[in-house]
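Asker: Got a file for you: target.txt, compact mmCIF, C-alpha atoms.
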```
# COMPACT_ATOMS: atom_id res chain seq x y z
CA MET A 1021 50.46 87.37 54.48
CA ASP A 1022 47.84 87.81 57.16
CA MET A 1023 48.29 89.99 60.19
CA ALA A 1024 48.93 87.14 62.60
CA GLU A 1025 51.70 85.79 60.38
CA ARG A 1026 53.31 89.24 60.14
CA VAL A 1027 53.21 89.64 63.89
CA ARG A 1028 54.81 86.22 64.30
CA ARG A 1029 57.54 87.14 61.82
CA ILE A 1030 58.28 90.42 63.48
CA ALA A 1031 58.31 88.69 66.84
CA SER A 1032 60.68 86.02 65.62
CA VAL A 1033 63.01 88.61 64.09
CA SER A 1034 63.27 90.54 67.32
CA ALA A 1035 63.73 87.29 69.22
CA ALA A 1036 66.61 86.46 66.89
CA ASP A 1037 68.08 89.91 67.51
CA GLU A 1038 67.74 89.28 71.20
CA ALA A 1039 69.48 85.94 70.89
CA ARG A 1040 72.31 87.59 68.99
CA ALA A 1041 73.31 89.33 72.19
CA PRO A 1042 76.14 91.79 71.64
CA ASP A 1043 79.51 90.24 72.26
CA PRO A 1044 81.04 92.54 74.88
CA GLU A 1045 84.59 91.77 73.72
CA ALA A 1046 83.77 92.84 70.15
CA LEU A 1047 81.95 95.93 71.37
CA LEU A 1048 84.82 96.92 73.60
CA LEU A 1049 87.25 96.74 70.68
CA ARG A 1050 85.09 99.25 68.85
CA VAL A 1051 84.72 101.40 71.96
CA ALA A 1052 88.51 101.50 72.23
CA LYS A 1053 88.53 103.13 68.80
CA GLY A 1054 86.12 105.80 69.98
CA ASP A 1055 82.89 104.30 68.62
CA GLU A 1056 80.15 105.94 70.70
CA GLY A 1057 77.44 103.75 69.19
CA ALA A 1058 79.29 100.65 70.37
CA PHE A 1059 79.63 102.24 73.79
CA GLU A 1060 75.87 102.75 73.92
CA ARG A 1061 75.30 99.05 73.19
CA LEU A 1062 77.90 98.07 75.75
CA TYR A 1063 76.16 100.37 78.22
CA GLU A 1064 72.91 98.49 77.64
CA HIS A 1065 74.70 95.23 78.25
CA VAL A 1066 76.48 96.12 81.49
CA CYS A 1067 74.45 98.88 83.14
CA ALA A 1068 72.04 96.63 85.05
CA PRO A 1069 74.68 94.30 86.54
CA VAL A 1070 76.86 97.29 87.45
CA PHE A 1071 74.06 99.33 88.97
CA GLY A 1072 72.61 96.33 90.81
CA LEU A 1073 75.95 95.48 92.41
CA VAL A 1074 76.80 99.09 93.29
CA ARG A 1075 73.36 99.65 94.75
CA ARG A 1076 73.68 96.52 96.86
CA ILE A 1077 76.87 97.85 98.44
CA VAL A 1078 76.29 101.60 98.50
CA ARG A 1079 72.52 101.45 99.10
CA ASP A 1080 71.89 105.18 98.69
CA PRO A 1081 70.26 105.51 95.23
CA ALA A 1082 71.82 108.87 94.30
CA GLN A 1083 75.32 107.76 95.31
CA SER A 1084 74.81 104.46 93.54
CA GLU A 1085 74.04 106.31 90.33
CA GLU A 1086 77.17 108.44 90.77
CA VAL A 1087 79.35 105.40 91.27
CA THR A 1088 77.74 103.62 88.31
CA GLN A 1089 78.44 106.65 86.16
CA GLU A 1090 82.08 106.68 87.32
CA VAL A 1091 82.46 103.01 86.44
CA LEU A 1092 80.98 103.44 82.96
CA LEU A 1093 83.11 106.49 82.23
CA GLU A 1094 86.16 104.54 83.36
CA LEU A 1095 85.16 101.80 80.95
CA TRP A 1096 85.06 104.36 78.13
CA ARG A 1097 88.33 105.96 79.21
CA THR A 1098 90.37 102.78 79.58
CA ALA A 1099 88.79 100.59 76.90
CA ALA A 1100 92.04 100.43 74.93
CA ARG A 1101 93.86 99.04 77.96
CA PHE A 1102 91.67 96.01 78.43
CA SER A 1103 93.67 92.83 78.07
CA PRO A 1104 91.65 89.68 77.36
CA GLU A 1105 94.22 87.35 78.94
CA ARG A 1106 93.18 88.71 82.34
CA GLY A 1107 89.56 87.69 81.91
CA SER A 1108 86.32 88.64 80.20
CA VAL A 1109 85.00 92.16 79.71
CA MET A 1110 82.17 91.38 82.11
CA THR A 1111 84.60 90.30 84.83
CA TRP A 1112 86.66 93.41 84.23
CA VAL A 1113 83.65 95.71 84.51
CA MET A 1114 82.24 93.99 87.56
CA THR A 1115 85.64 93.97 89.30
CA LEU A 1116 85.90 97.70 88.63
CA ALA A 1117 82.33 98.30 89.81
CA HIS A 1118 82.88 96.38 93.03
CA ARG A 1119 86.11 98.22 93.70
CA ARG A 1120 84.54 101.65 93.16
CA ALA A 1121 81.53 100.82 95.30
CA VAL A 1122 83.76 99.57 98.09
CA ASP A 1123 85.96 102.66 97.83
CA ARG A 1124 82.87 104.80 98.21
CA VAL A 1125 81.59 103.07 101.33
CA ARG A 1126 84.99 102.74 102.96
CA SER A 1127 85.93 106.39 102.51
CA SER A 1128 82.70 107.54 104.10
CA GLN A 1129 83.09 104.84 106.70
CA SER A 1130 86.49 105.76 108.10
CA ALA A 1131 85.07 109.04 109.40
CA THR A 1132 82.26 107.41 111.33
CA ASP A 1133 83.76 104.03 111.89
CA ARG A 1134 82.42 103.29 115.31
CA GLU A 1135 78.86 104.32 114.60
CA ASP A 1136 79.02 102.39 111.39
CA ARG A 1137 80.11 99.21 113.08
CA ALA A 1138 77.30 99.52 115.60
CA TYR A 1139 74.86 100.20 112.78
CA ARG A 1140 75.92 97.13 110.88
CA ARG A 1141 75.40 94.98 113.94
CA GLU A 1142 71.92 96.34 114.46
CA THR A 1143 70.89 95.93 110.87
CA SER A 1144 72.39 92.51 110.49
CA ARG A 1145 69.65 90.56 108.73
CA PRO A 1146 69.19 86.96 107.71
CA PHE A 1147 71.75 86.22 105.06
CA ASP A 1148 69.39 84.63 102.62
CA GLU A 1149 68.09 88.12 101.89
CA VAL A 1150 70.42 88.39 98.93
CA ALA A 1151 69.50 85.01 97.58
CA GLU A 1152 65.84 85.98 97.89
CA GLN A 1153 66.36 88.99 95.66
CA VAL A 1154 68.35 87.15 93.08
CA GLY A 1155 66.56 87.42 89.76
CA THR A 1156 64.77 84.66 87.96
CA ARG A 1157 67.05 84.33 84.97
CA LEU A 1158 68.57 80.94 84.61
CA GLU A 1159 72.08 82.11 85.41
CA HIS A 1160 70.83 83.87 88.49
CA GLU A 1161 69.05 80.73 89.51
CA GLN A 1162 72.31 78.89 89.18
CA VAL A 1163 74.11 81.43 91.40
CA ARG A 1164 71.38 81.01 94.00
CA ARG A 1165 71.64 77.23 93.84
CA CYS A 1166 75.42 77.36 94.14
CA LEU A 1167 75.28 79.83 97.04
CA SER A 1168 72.98 77.47 98.89
CA SER A 1169 75.46 74.64 98.39
CA LEU A 1170 78.03 76.48 100.55
CA THR A 1171 78.35 75.92 104.27
CA ASP A 1172 76.65 78.61 106.35
CA LEU A 1173 79.96 80.17 107.32
CA GLN A 1174 81.24 80.18 103.74
CA ARG A 1175 78.06 81.78 102.46
CA GLU A 1176 77.82 84.36 105.21
CA SER A 1177 81.47 85.32 104.78
CA VAL A 1178 81.28 85.61 101.00
CA GLU A 1179 78.03 87.57 101.10
CA LEU A 1180 79.20 89.99 103.78
CA ALA A 1181 82.44 90.62 101.95
CA TYR A 1182 81.02 90.88 98.45
CA TYR A 1183 77.53 92.31 98.84
CA ARG A 1184 78.26 94.55 101.82
CA GLY A 1185 81.81 95.49 100.92
CA LEU A 1186 83.29 94.48 104.29
CA THR A 1187 86.96 93.61 104.74
CA TYR A 1188 87.77 90.12 105.96
CA ARG A 1189 88.71 91.65 109.31
CA GLU A 1190 85.27 93.21 109.60
CA VAL A 1191 83.65 89.95 108.57
CA ALA A 1192 85.64 88.13 111.25
CA GLU A 1193 84.52 90.62 113.86
CA LEU A 1194 80.90 90.52 112.79
CA LEU A 1195 80.78 86.73 112.76
CA ASP A 1196 82.92 86.48 115.88
CA THR A 1197 85.23 84.05 114.10
CA PRO A 1198 89.06 84.00 113.95
CA LEU A 1199 90.66 85.95 111.10
CA GLY A 1200 92.42 82.93 109.66
CA THR A 1201 89.15 81.00 109.48
CA ILE A 1202 87.42 83.81 107.60
CA LYS A 1203 90.29 84.13 105.13
CA THR A 1204 90.07 80.42 104.45
CA ARG A 1205 86.27 80.40 104.19
CA LEU A 1206 86.32 83.28 101.70
CA ARG A 1207 88.72 81.32 99.55
CA ASP A 1208 87.21 77.87 99.79
CA GLY A 1209 83.69 79.31 99.52
CA LEU A 1210 84.59 81.09 96.29
CA ILE A 1211 86.38 78.02 94.97
CA ARG A 1212 83.26 75.99 95.59
CA MET A 1213 81.20 78.65 93.80
CA ARG A 1214 83.67 78.62 90.92
CA ASP A 1215 83.38 74.87 90.51
CA CYS A 1216 79.63 74.89 90.92
CA LEU A 1217 79.17 77.66 88.34
CA GLY A 1218 81.65 76.04 86.00
CA VAL A 1219 83.73 79.21 85.70
CA ALA A 1220 86.46 78.48 83.16
CA ARG A 1221 89.73 77.55 84.75
CA MET B 13 104.64 81.27 99.24
CA THR B 14 103.10 80.44 102.57
CA ALA B 15 99.73 78.77 102.82
CA ASP B 16 98.51 81.75 104.75
CA ILE B 17 99.18 84.40 102.13
CA HIS B 18 97.78 82.12 99.46
CA ALA B 19 94.53 82.01 101.42
CA LEU B 20 94.17 85.73 100.69
CA THR B 21 93.27 85.06 97.04
CA GLY B 22 89.61 84.80 98.06
CA ALA B 23 89.61 87.98 100.14
CA TYR B 24 91.48 89.77 97.36
CA ALA B 25 89.02 88.70 94.66
CA LEU B 26 86.24 90.05 96.87
CA ASP B 27 88.04 93.37 97.58
CA ALA B 28 87.96 92.36 101.22
CA ILE B 29 91.58 93.23 101.93
CA PRO B 30 92.33 96.47 103.76
CA GLU B 31 94.11 98.94 101.47
CA ILE B 32 97.46 98.62 103.16
CA GLU B 33 97.60 94.83 102.96
CA ARG B 34 96.67 94.92 99.30
CA ALA B 35 100.00 96.41 98.28
CA ALA B 36 101.85 93.54 99.93
CA PHE B 37 99.56 90.96 98.39
CA GLU B 38 99.86 92.46 94.92
CA ARG B 39 103.63 92.24 95.20
CA HIS B 40 103.19 88.59 96.01
CA LEU B 41 100.80 88.15 93.07
CA ALA B 42 103.33 89.54 90.64
CA GLU B 43 105.67 86.70 91.60
CA CYS B 44 103.19 83.87 91.97
CA ASP B 45 101.61 82.71 88.69
CA ALA B 46 99.45 80.12 90.41
CA CYS B 47 98.03 82.78 92.74
CA ALA B 48 97.41 85.18 89.85
CA GLN B 49 95.56 82.47 87.94
CA GLU B 50 93.46 81.63 90.97
CA VAL B 51 92.66 85.31 91.52
CA ARG B 52 91.47 85.62 87.90
CA GLU B 53 89.15 82.66 88.33
CA LEU B 54 87.82 83.89 91.63
CA GLN B 55 87.26 87.38 90.22
CA ALA B 56 85.26 85.82 87.38
CA THR B 57 83.29 83.92 90.01
CA ALA B 58 82.68 87.08 92.03
CA ALA B 59 81.48 88.83 88.87
CA ARG B 60 78.77 86.19 88.58
CA LEU B 61 77.64 87.02 92.11
CA GLY B 62 77.41 90.64 91.04
CA ASP B 63 75.51 89.85 87.88
CA ALA B 64 72.97 87.93 89.95
CA VAL B 65 71.77 91.13 91.65
CA SER B 66 71.26 93.10 88.43
CA GLU B 67 68.98 96.08 88.70
CA VAL B 68 68.10 98.35 85.80
CA PRO B 69 69.26 101.90 86.56
CA PRO B 70 66.99 104.89 85.99
CA ALA B 71 66.75 105.76 82.30
CA GLU B 72 68.19 109.27 82.85
CA LEU B 73 71.52 107.73 83.79
CA LYS B 74 72.12 106.59 80.25
CA ALA B 75 71.64 110.07 78.82
CA ARG B 76 74.00 111.50 81.45
CA VAL B 77 76.71 108.92 80.79
CA LEU B 78 76.45 109.27 77.01
CA ALA B 79 76.64 113.05 77.34
CA ARG B 80 79.70 112.77 79.57
CA ILE B 81 81.75 110.54 77.29
CA ALA B 82 81.85 113.38 74.78
CA GLU B 83 83.97 115.21 77.36
CA VAL B 84 86.24 112.38 78.45
CA ARG B 85 89.44 111.63 76.58
CA GLN B 86 90.20 107.96 76.04
CA LEU B 87 93.55 106.61 77.11
CA PRO B 88 95.82 105.19 74.40
CA PRO B 89 96.73 101.49 74.60
CA LEU B 90 99.70 100.58 76.72
CA GLN B 91 102.99 100.28 74.85
CA HIS B 92 105.48 97.38 74.83
CA GLY B 93 102.66 94.85 74.72
CA GLY B 94 102.55 95.01 78.51
CA SER B 95 99.26 94.62 80.28
CA ALA B 96 97.95 97.21 82.65
CA PRO B 97 98.15 96.27 86.28
CA THR B 98 94.82 95.06 87.60
CA ARG B 99 94.96 97.95 89.96
CA SER B 100 97.63 100.57 89.87
CA ARG B 101 99.96 100.44 92.80
CA PRO B 102 99.60 103.44 95.02
CA VAL B 103 103.26 104.29 94.67
CA ALA B 104 106.26 103.41 92.63
CA LEU B 105 109.44 103.62 94.58
CA ARG B 106 112.95 103.81 93.34
CA LEU B 107 116.13 103.41 95.23
CA THR B 108 118.16 106.54 95.63
CA GLY B 109 120.77 105.31 98.06
CA ILE B 110 122.03 106.26 101.42
CA ALA B 111 122.82 109.90 100.75
CA ALA B 112 119.26 111.05 101.12
CA ALA B 113 118.89 109.17 104.38
CA VAL B 114 121.95 110.74 105.89
CA LEU B 115 120.89 114.19 104.80
CA LEU B 116 117.52 113.65 106.34
CA VAL B 117 118.98 112.40 109.60
CA VAL B 118 121.11 115.53 109.81
CA SER B 119 118.22 117.81 108.99
CA VAL B 120 115.97 116.12 111.50
CA SER B 121 118.64 116.47 114.19
CA LEU B 122 119.11 120.15 113.36
CA GLY B 123 115.37 120.55 113.46
CA ALA B 124 115.42 119.29 117.04
CA LEU B 125 117.57 122.23 118.10
CA LEU B 126 114.89 124.62 116.96
CA LEU B 127 112.21 123.13 119.14
CA ARG B 128 111.27 125.21 122.13
CA ASN B 129 108.69 123.11 123.88
CA GLN B 130 110.32 121.04 126.65
CA GLN B 131 108.09 118.03 126.12
CA GLU B 132 108.83 118.02 122.42
CA LEU B 133 112.49 118.35 123.28
CA ASP B 134 112.31 115.31 125.56
CA THR B 135 110.57 113.28 122.91
CA GLN B 136 113.06 114.44 120.34
CA LYS B 137 115.93 113.58 122.68
CA SER B 138 114.74 110.04 123.25
CA GLN B 139 114.19 109.73 119.51
CA SER B 140 117.72 110.97 118.92
CA VAL B 141 119.10 108.42 121.37
CA ALA B 142 117.19 105.67 119.61
CA MET B 143 118.38 107.03 116.27
CA VAL B 144 122.04 106.94 117.31
CA ASP B 145 121.49 103.46 118.66
CA LEU B 146 119.99 102.36 115.38
CA LEU B 147 122.59 104.00 113.18
CA SER B 148 125.39 102.31 115.11
CA ALA B 149 123.90 98.82 114.77
CA ASP B 150 126.03 96.29 112.90
CA ASP B 151 123.22 95.30 110.59
CA VAL B 152 121.82 98.77 109.88
CA ARG B 153 120.29 99.00 106.40
CA PHE B 154 118.86 101.90 104.42
CA VAL B 155 116.20 102.05 101.77
CA SER B 156 115.16 105.24 100.07
CA GLY B 157 112.62 106.00 97.45
CA SER B 158 110.20 108.53 96.15
CA THR B 159 106.60 108.23 95.14
CA ALA B 160 105.01 109.41 91.91
CA ALA B 161 103.56 112.28 93.93
CA GLY B 162 107.09 113.41 94.85
CA LEU B 163 107.10 112.20 98.43
CA ASN B 164 110.55 111.06 99.55
CA GLY B 165 110.88 108.32 102.07
CA THR B 166 113.81 106.66 103.78
CA VAL B 167 113.66 103.65 106.01
CA VAL B 168 116.52 102.78 108.31
CA VAL B 169 116.26 99.39 109.91
CA SER B 170 118.19 97.12 112.21
CA ARG B 171 116.62 93.73 112.67
CA SER B 172 119.06 92.77 115.41
CA ARG B 173 117.98 95.74 117.50
CA GLY B 174 114.35 95.56 116.42
CA GLN B 175 114.44 99.21 115.44
CA VAL B 176 113.08 101.01 112.47
CA MET B 177 113.15 104.67 111.55
CA LEU B 178 111.06 106.27 108.89
CA LEU B 179 111.99 109.65 107.47
CA ALA B 180 109.81 111.48 105.03
CA ALA B 181 110.42 114.65 103.07
CA ASN B 182 108.34 116.71 100.71
CA MET B 183 105.26 115.59 102.58
CA PRO B 184 102.23 117.88 102.24
CA PRO B 185 100.18 118.61 105.37
CA ALA B 186 97.58 115.91 106.05
CA PRO B 187 94.06 116.84 104.89
CA ASP B 188 91.82 118.57 107.45
CA GLY B 189 90.74 116.23 110.21
CA LYS B 190 93.22 113.59 109.05
CA THR B 191 96.66 112.45 110.06
CA TYR B 192 99.44 110.39 108.57
CA GLN B 193 99.99 107.09 110.31
CA ALA B 194 102.93 104.73 109.79
CA TRP B 195 102.55 100.94 109.87
CA LEU B 196 104.78 97.92 109.99
CA MET B 197 103.26 95.23 107.81
CA ARG B 198 103.85 91.56 107.37
CA ASP B 199 102.38 88.98 105.05
CA GLU B 200 100.40 87.46 107.85
CA GLY B 201 98.65 89.13 110.71
CA SER B 202 97.64 92.67 111.38
CA PRO B 203 99.75 95.67 110.53
CA ARG B 204 101.18 97.28 113.67
CA SER B 205 100.90 101.02 114.11
CA VAL B 206 104.30 102.68 114.45
CA GLY B 207 102.73 106.02 115.25
CA LEU B 208 101.50 109.23 113.73
CA LEU B 209 103.61 111.30 111.38
CA ALA B 210 103.23 115.06 111.44
CA PRO B 211 105.21 116.86 108.74
CA ASP B 212 106.77 120.15 109.82
CA ASP B 213 106.48 123.40 107.83
CA SER B 214 109.11 122.24 105.41
CA GLY B 215 107.35 118.94 104.79
CA ARG B 216 109.67 116.71 106.82
CA ALA B 217 108.61 114.07 109.29
CA SER B 218 110.34 111.29 111.15
CA ILE B 219 109.56 108.53 113.56
CA VAL B 220 111.68 105.96 115.32
CA ASP B 221 110.27 102.75 116.67
CA SER B 222 112.05 100.32 118.95
CA ALA B 223 109.16 97.97 119.74
CA GLY B 224 110.49 95.19 117.52
CA ILE B 225 110.17 94.36 113.84
CA GLY B 226 109.32 90.69 114.00
CA THR B 227 108.48 89.33 110.57
CA ALA B 228 107.49 92.74 109.17
CA ASN B 229 108.58 93.17 105.58
CA GLN B 230 107.06 96.48 104.67
CA VAL B 231 106.57 99.96 106.04
CA GLY B 232 103.57 101.93 104.91
CA VAL B 233 102.05 105.31 105.56
CA SER B 234 98.33 105.83 105.27
CA ILE B 235 95.98 108.74 105.83
CA GLU B 236 93.73 108.14 108.79
CA ALA B 237 91.18 110.08 110.80
CA ALA B 238 92.80 112.50 113.29
CA GLY B 239 94.11 110.60 116.28
CA GLY B 240 94.96 107.55 114.19
CA SER B 241 93.31 104.16 113.75
CA ASP B 242 93.71 100.69 115.23
CA VAL B 243 93.91 99.20 111.77
CA PRO B 244 94.63 101.08 108.57
CA HIS B 245 91.53 102.21 106.67
CA GLY B 246 92.68 105.16 104.62
CA PRO B 247 94.56 105.52 101.35
CA VAL B 248 98.20 104.50 101.34
CA VAL B 249 100.50 107.36 100.41
CA MET B 250 103.77 105.47 100.67
CA ALA B 251 104.82 101.86 100.98
CA MET B 252 108.38 100.55 101.08
CA ALA B 253 109.76 97.07 101.39
CA LEU B 254 112.00 96.57 104.41
CA PRO B 255 115.47 95.25 103.68
CA ASP B 256 115.98 91.73 105.09
```
Could you spell out this file's structure in structure tokens?
Answerer:
Amino acid sequence: MDMAERVRRIASVSAADEARAPDPEALLLRVAKGDEGAFERLYEHVCAPVFGLVRRIVRDPAQSEEVTQEVLLELWRTAARFSPERGSVMTWVMTLAHRRAVDRVRSSQSATDREDRAYRRETSRPFDEVAEQVGTRLEHEQVRRCLSSLTDLQRESVELAYYRGLTYREVAELLDTPLGTIKTRLRDGLIRMRDCLGVAR
Amino acid sequence: MTADIHALTGAYALDAIPEIERAAFERHLAECDACAQEVRELQATAARLGDAVSEVPPAELKARVLARIAEVRQLPPLQHGGSAPTRSRPVALRLTGIAAAVLLVVSVSLGALLLRNQQELDTQKSQSVAMVDLLSADDVRFVSGSTAAGLNGTVVVSRSRGQVMLLAANMPPAPDGKTYQAWLMRDEGSPRSVGLLAPDDSGRASIVDSAGIGTANQVGVSIEAAGGSDVPHGPVVMAMALPD
């Protein structure tokens, strides 16, 4: 076997390994039994989505790392309590990550609420910023495409709530739109995203 | 289920519901299978939004997390085949009947006699008048409960008079720079502040409100910045359903 052939073989083996992406559900079952090796593989699978989302909301890098660590430790701690009928492991982890990130910004926010509100107004940027930073992977591309299929108000509301961690009341204030309208836009915007992404019903 | 509360599935899936409204919505979720299903789908959708902003964390984080798990005990699975709540409720309340309420009313009234400050006495007097008013209403109802943290709460309500009284016992002092604030909540619309609650040295606090109950179906107490807030931001320490 010549060198080029060997390189091709090695490359195709690692590509096959790559394609055999770890099944998070199977990994979590092993984590629940205390398998630290499985936890390490699960870490590799979820750390970038978790950190990316937390960082988007919390912004401060050091705090984002803290929150990410909390989320991953919680995953380790409560692995045995995961119930698949409530959704996938990825949804579970991301729901937890979002919650923790939002808790972090809201607890520091209540102390300096007024300043914070003023700050958010000042730093309000074009809303396609998030879409611009969306990665190039196919799935990410699909999220971007689906986001752009929303009405402006749906997209702005969903992005402010999800990526900035604002409550619907804060979104309503920021967009100077009635509360009931924002509630409805958050729901119908997400429903449109769900259908566009083909999220299992 | 009203159309309005159903519309909160989106806000809920995005964690865009203020803490105090979440408790009410989660109660609703427990009874509404269609809403719970929709929330699951919308949470899965939101997770995709999160995944789309992936960012690889610094490599040191992995070493830190792997080192930490060696020190963290894993929880056992839940028994009875039950599933864990998506998010644990801040409090679990149990009914303990009227006795506690009456005892608290008496102790609060006795407490009033010990007050020296004239202004406090005036406030206390008007509260006592309102309290007597409330207790003598035809439709007066009591609900008592205690939280996992040992906080006891009693709500006395008369819808015909639009009055509600909240009595708390075993309440630790609010954290520095913070205060307890009581809220009347309904499924739709903003919670209304009932006022600030300041526990005395023995951990008791009370407040009477005669400004009308409307469609409120829950009383909650949250921890807010000193001076109170327009809308609840802080953690909820107690939440009780109002009797109809």
Asker: Taking into account all atoms listed in the file, which residue in the set B:Leu209, B:Met177, B:Met197, B:Ala23 is nearest to chain A?
Answerer: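 Closest residue, counting all atoms listed in the file: B:Ala23.
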Asker: Dump as a PyMOL selection string the residues of chain B that approach chain A to within 8 Å, counting all atoms listed in the file.
Answerer: chain B and resi 16+19-23+26-30+52-69+73-74+77-78+80-81+84-90+95-96+236-237+245-246
Asker: Could you state the separation of atom CA of Gly157 of chain B and atom CA of Met252 of chain B in Å, given to one decimal place?
Answerer: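 A separation of 7.8 Å between them.
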Asker: List as a list of chain:residue names: which residues have an atom within 8 Å of (101.9, 121.6, 101.7), counting all atoms listed in the file?
Answerer: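 Answer for this query, in the requested form: B:Met183, B:Pro184, B:Pro185, B:Asp213, B:Gly215.
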Asker: May I ask for the distance between atom CA of Val1078 of chain A and atom CA of Ser1169 of chain A, given in Å to one decimal place?
Answerer: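 Here the two named atoms are 27.0 Å from each other.
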Asker: What separation in Å, quoted to one decimal, exists between atom CA of Ile1077 of chain A and atom CA of Thr1171 of chain A?
Answerer: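 Taking atom CA of Ile1077 of chain A and atom CA of Thr1171 of chain A, their separation equals 22.7 Å.
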